[in-house]
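Asks: Have a look at this one.
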Amino acid sequence: MTDDPKKVLRSASDLGRYSRRRFLVGAAAGLTLATDLFVTRLIQEGREELEILPVRDDEAAARFPRAMWFLFPGYKTSWEEAVWILNSLRPALASRGQMAAVGYSNKGLDVDTVEAEVFRYIRNRRINRVYFYGHSFGGMLAVEIAARLLARGVQVEIIILDSSPSGRFDVLDAGMIRGVVFLYEAGARIPSALRGGYELGERILHKDERSWSTIADQTLEQLSPLAPSSTLIQSESSYIYHYNAAAFAGGIGKAELAFLGNPDDTTVNYYTARQRWTELFPQNMVSNALITEGARPAHASPQWNPVIYQRVVQNILDTYAPLPATGGGGSKTPF
């Protein structure tokens, strides 16, 4: 017995409409991905050179024309998020100087270039009071750059280590770092098209310190065309993996170190990092007991918890970085 011809025609018509819907949805998704990748490529190509990103603050510029904070952003931090971090810390940092972030090159992290550009910025503006804020792994880089600048006659006055590991052994998910470094040093580069899935998986592994809404926000942020390149992320992983803070012990002159963090941190081991920095830099460490209590996520998150971080940072500055007698300070400079 054959099917009713009307039913067959109706089913064929429904299938056609369904197929068209699938085709249109798939085409729209493909177009969106292609557009995202195209825009991503354009933006990332425009960020192939490291750039110092100043945050304008007219009052700070007037009060401290020759004092400057440099933010060394953490792992996977975009240029926009770095500026966001500085703006979140502005009430505290601007009480001592102007502010700028180091925008890493999408071609990869190159310490020689970071040193050269920070030095050039200081020299060109005749800065004579230099402060560093090291955000997560950026604290490792800040210490190395401070040691390099000292060899060129520039003394950094204070370095704030915000949840900064002293080496890969302080990183709780060292296996992830090791895998990324293995691929990077073998010459493999993770395509931008795959980065979103990688990011979501890594975020979910750390879901205990992030709400699902934060996981979604941070994953979408990495899918954004503004996110750092995969090459930069892999090179940052390599830097963390091979970093040895002991190499700079005794090499940062009179710079004062202030370590802050959170015992609930599930990215960096708060206790081992704090202990290691203190043991290696006993003459420089002036504060290692300040906690960003209540911050969520617990790891290096001034942009998400500005009030908590402003209070802690202001405490450090009031105690260990008193206001200079004259705006901009009187420290000697080689320029």
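The way I read the labels, and the way they are meant: chains A, B, ... in the order of the structure tokens, residue 1 as the first residue of every chain, and ligand 1 as the first ligand shown, with later ones counted on from there.
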Which residues, written as an NGL selection string, have at least one atom at most 9 Å from Asp264 of chain A, with only C-alpha atoms counted and residues fewer than 4 positions away on the same chain left out?
Replies: :A and (209 or 269-270 or 293 or 297-299)
Asks: Can I get the selection written as an mmCIF file, in the first residue's frame, with all heavy atoms?
Replies:
```
data_model
loop_
_atom_site.group_PDB
_atom_site.id
_atom_site.type_symbol
_atom_site.label_atom_id
_atom_site.label_comp_id
_atom_site.auth_asym_id
_atom_site.auth_seq_id
_atom_site.Cartn_x
_atom_site.Cartn_y
_atom_site.Cartn_z
ATOM 1 N N GLU A 209 36.890 28.729 41.049
ATOM 2 C CA GLU A 209 37.171 30.102 41.453
ATOM 3 C C GLU A 209 36.485 31.113 40.538
ATOM 4 O O GLU A 209 36.677 32.298 40.657
ATOM 5 C CB GLU A 209 38.678 30.367 41.477
ATOM 6 C CG GLU A 209 39.334 30.481 40.129
ATOM 7 C CD GLU A 209 40.653 31.233 40.184
ATOM 8 O OE1 GLU A 209 41.134 31.529 41.280
ATOM 9 O OE2 GLU A 209 41.190 31.514 39.108
ATOM 10 N N ASN A 269 49.793 29.129 43.639
ATOM 11 C CA ASN A 269 49.868 28.760 45.048
ATOM 12 C C ASN A 269 50.312 29.984 45.855
ATOM 13 O O ASN A 269 51.482 30.370 45.816
ATOM 14 C CB ASN A 269 50.841 27.598 45.245
ATOM 15 C CG ASN A 269 50.821 27.058 46.667
ATOM 16 O OD1 ASN A 269 50.792 27.808 47.640
ATOM 17 N ND2 ASN A 269 50.849 25.742 46.784
ATOM 18 N N TYR A 270 49.387 30.591 46.549
ATOM 19 C CA TYR A 270 49.653 31.814 47.303
ATOM 20 C C TYR A 270 50.790 31.621 48.301
ATOM 21 O O TYR A 270 51.679 32.480 48.433
ATOM 22 C CB TYR A 270 48.370 32.242 48.030
ATOM 23 C CG TYR A 270 48.573 33.279 49.103
ATOM 24 C CD1 TYR A 270 48.711 34.630 48.788
ATOM 25 C CD2 TYR A 270 48.621 32.912 50.451
ATOM 26 C CE1 TYR A 270 48.903 35.581 49.780
ATOM 27 C CE2 TYR A 270 48.804 33.850 51.448
ATOM 28 C CZ TYR A 270 48.941 35.182 51.108
ATOM 29 O OH TYR A 270 49.127 36.118 52.093
ATOM 30 N N GLU A 293 41.129 39.964 50.352
ATOM 31 C CA GLU A 293 40.029 39.174 50.917
ATOM 32 C C GLU A 293 38.695 39.537 50.262
ATOM 33 O O GLU A 293 38.356 40.708 50.121
ATOM 34 C CB GLU A 293 39.943 39.421 52.420
ATOM 35 C CG GLU A 293 38.925 38.555 53.131
ATOM 36 C CD GLU A 293 38.950 38.751 54.637
ATOM 37 O OE1 GLU A 293 39.741 39.584 55.116
ATOM 38 O OE2 GLU A 293 38.167 38.075 55.322
ATOM 39 N N PRO A 297 37.189 36.574 40.808
ATOM 40 C CA PRO A 297 38.027 35.448 41.170
ATOM 41 C C PRO A 297 39.165 35.864 42.094
ATOM 42 O O PRO A 297 39.520 37.039 42.159
ATOM 43 C CB PRO A 297 38.555 34.949 39.825
ATOM 44 C CG PRO A 297 38.460 36.121 38.916
ATOM 45 C CD PRO A 297 37.272 36.905 39.360
ATOM 46 N N ALA A 298 39.717 34.883 42.780
ATOM 47 C CA ALA A 298 40.724 35.191 43.798
ATOM 48 C C ALA A 298 42.074 35.553 43.209
ATOM 49 O O ALA A 298 42.900 36.151 43.892
ATOM 50 C CB ALA A 298 40.876 33.992 44.742
ATOM 51 N N HIS A 299 42.307 35.194 41.967
ATOM 52 C CA HIS A 299 43.626 35.412 41.366
ATOM 53 C C HIS A 299 43.701 36.719 40.592
ATOM 54 O O HIS A 299 42.970 36.906 39.607
ATOM 55 C CB HIS A 299 43.986 34.247 40.429
ATOM 56 C CG HIS A 299 45.290 34.441 39.721
ATOM 57 N ND1 HIS A 299 46.506 34.335 40.358
ATOM 58 C CD2 HIS A 299 45.566 34.762 38.426
ATOM 59 C CE1 HIS A 299 47.472 34.562 39.481
ATOM 60 N NE2 HIS A 299 46.931 34.829 38.310
#
```
Asks: Which residues are near segment 145-157 of chain A? Cut-off 8 Å, only C-alpha atoms, ignore same chain within fewer than 5 positions. Put them as a PyMOL selection string.
Replies: chain A and resi 111+114-115+119+129-132+248+251-256+333-334
Asks: Work out how far apart atom CA of Met176 of chain A and atom CA of Pro263 of chain A are and give it in Å to one decimal.
Replies: 21.3 Å
Asks: If you run DSSP on the backbone here, which positions in segment 61-306 of chain A get helix (DSSP H, G or I)? Please write them as a PyMOL selection string.
Replies: chain A and resi 61-63+79-93+111-124+138-151+168-170+174-185+192-205+207-209+212-223+230-242+245-248+270-280+306
Asks: May I have all residues of segment 95-323 of chain A that DSSP, computed from the backbone, assigns to strand (DSSP E), given as a PyMOL selection string?
Replies: chain A and resi 98-103+129-135+156-162+256-261+285-291
Asks: Compile the contact shell of Arg47 of chain A as a count of residues only: residues with an atom at most 9 Å away, counting only C-alpha atoms, same-chain residues fewer than 6 positions apart removed.
Replies: 6
Asks: Of the residues A:Thr292, A:Thr267, A:Ser237, A:Ser78, which is the one nearest to Val102 of chain A, using only C-alpha atoms?
Replies: A:Ser78
Asks: Give the answer as one residue: which of A:Arg66, A:Arg56, A:Arg296, A:Tyr75 has the shortest atom-to-atom distance to Val171 of chain A, using only C-alpha atoms?
Replies: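 Closest to Val171 of chain A, using only C-alpha atoms: A:Tyr75.
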Asks: Could you list, as a PyMOL selection string, every residue within 10 Å of Asn315 of chain A, counting only C-alpha atoms and ignoring same-chain residues fewer than 6 positions away?
Replies: chain A and resi 92+290+309+321
Asks: Tell me which protein, DNA and RNA residues are within 10 Å of Trp69 of chain A, counting only C-alpha atoms, leaving out same-chain ones fewer than 3 positions away, and put them as a CSV table (one decimal) with N, CA, C and O atoms, in the first residue's frame.
Replies:
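This went into result-v8.csv:
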```
chain,number,residue,atom,x,y,z
A,54,PRO,N,49.6,54.6,27.4
A,54,PRO,CA,49.4,55.5,28.6
A,54,PRO,C,47.9,55.7,28.8
A,54,PRO,O,47.1,55.6,27.9
A,72,PHE,N,52.7,45.7,34.1
A,72,PHE,CA,53.1,44.5,33.3
A,72,PHE,C,51.9,43.5,33.3
A,72,PHE,O,51.7,42.9,34.4
A,86,LEU,N,44.4,49.2,34.8
A,86,LEU,CA,44.9,50.5,35.3
A,86,LEU,C,43.8,51.4,35.8
A,86,LEU,O,43.9,52.1,36.8
A,93,LEU,N,46.8,54.3,42.3
A,93,LEU,CA,48.1,54.5,41.6
A,93,LEU,C,48.3,56.0,41.2
A,93,LEU,O,49.4,56.5,41.3
A,94,ALA,N,47.2,56.7,40.8
A,94,ALA,CA,47.3,58.1,40.4
A,94,ALA,C,47.7,59.0,41.6
A,94,ALA,O,48.0,60.2,41.4
A,96,ARG,N,50.3,58.6,43.2
A,96,ARG,CA,51.8,58.7,43.2
A,96,ARG,C,52.4,59.0,41.8
A,96,ARG,O,53.5,59.3,41.7
A,97,GLY,N,51.6,58.8,40.7
A,97,GLY,CA,52.2,59.1,39.4
A,97,GLY,C,51.2,58.8,38.3
A,97,GLY,O,50.1,58.5,38.5
A,98,GLN,N,51.7,59.1,37.1
A,98,GLN,CA,51.0,58.8,35.9
A,98,GLN,C,51.0,57.3,35.6
A,98,GLN,O,51.7,56.5,36.3
A,99,MET,N,50.3,56.8,34.6
A,99,MET,CA,50.1,55.4,34.5
A,99,MET,C,50.2,55.0,33.0
A,99,MET,O,49.8,55.7,32.1
A,100,ALA,N,50.8,53.8,32.8
A,100,ALA,CA,50.9,53.3,31.4
A,100,ALA,C,51.0,51.8,31.5
A,100,ALA,O,51.5,51.2,32.5
A,101,ALA,N,50.4,51.1,30.5
A,101,ALA,CA,50.5,49.6,30.5
A,101,ALA,C,51.4,49.2,29.3
A,101,ALA,O,51.6,49.9,28.3
A,129,ARG,N,60.9,59.0,38.8
A,129,ARG,CA,60.3,58.1,39.8
A,129,ARG,C,59.6,57.0,39.0
A,129,ARG,O,58.6,57.3,38.3
A,130,VAL,N,60.1,55.8,39.2
A,130,VAL,CA,59.5,54.7,38.4
A,130,VAL,C,58.9,53.6,39.4
A,130,VAL,O,59.6,53.2,40.3
A,131,TYR,N,57.6,53.3,39.1
A,131,TYR,CA,56.9,52.3,39.9
A,131,TYR,C,56.4,51.2,38.9
A,131,TYR,O,56.0,51.5,37.8
A,132,PHE,N,56.5,49.9,39.4
A,132,PHE,CA,56.0,48.8,38.6
A,132,PHE,C,54.8,48.1,39.3
A,132,PHE,O,54.9,47.9,40.5
A,133,TYR,N,53.8,47.8,38.5
A,133,TYR,CA,52.8,46.9,39.0
A,133,TYR,C,52.8,45.6,38.2
A,133,TYR,O,52.5,45.7,37.0
A,156,VAL,N,64.1,51.3,39.9
A,156,VAL,CA,62.7,51.2,40.1
A,156,VAL,C,62.5,51.3,41.6
A,156,VAL,O,63.2,50.7,42.4
A,158,ILE,N,59.4,50.9,43.5
A,158,ILE,CA,58.5,49.8,44.2
A,158,ILE,C,58.0,48.9,43.1
A,158,ILE,O,57.7,49.4,42.0
A,159,ILE,N,57.9,47.7,43.4
A,159,ILE,CA,57.3,46.7,42.5
A,159,ILE,C,56.2,46.0,43.3
A,159,ILE,O,56.5,45.3,44.3
```
Asks: Rounded to one decimal, what separation in Å do you get between atom CA of Asp57 of chain A and atom CA of Leu232 of chain A?
Replies: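 A separation of 29.1 Å between them.
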Asks: In Å, with one decimal, what is the gap from atom CA of Thr77 of chain A to atom CA of Tyr320 of chain A?
Replies: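 A separation of 28.0 Å between them.
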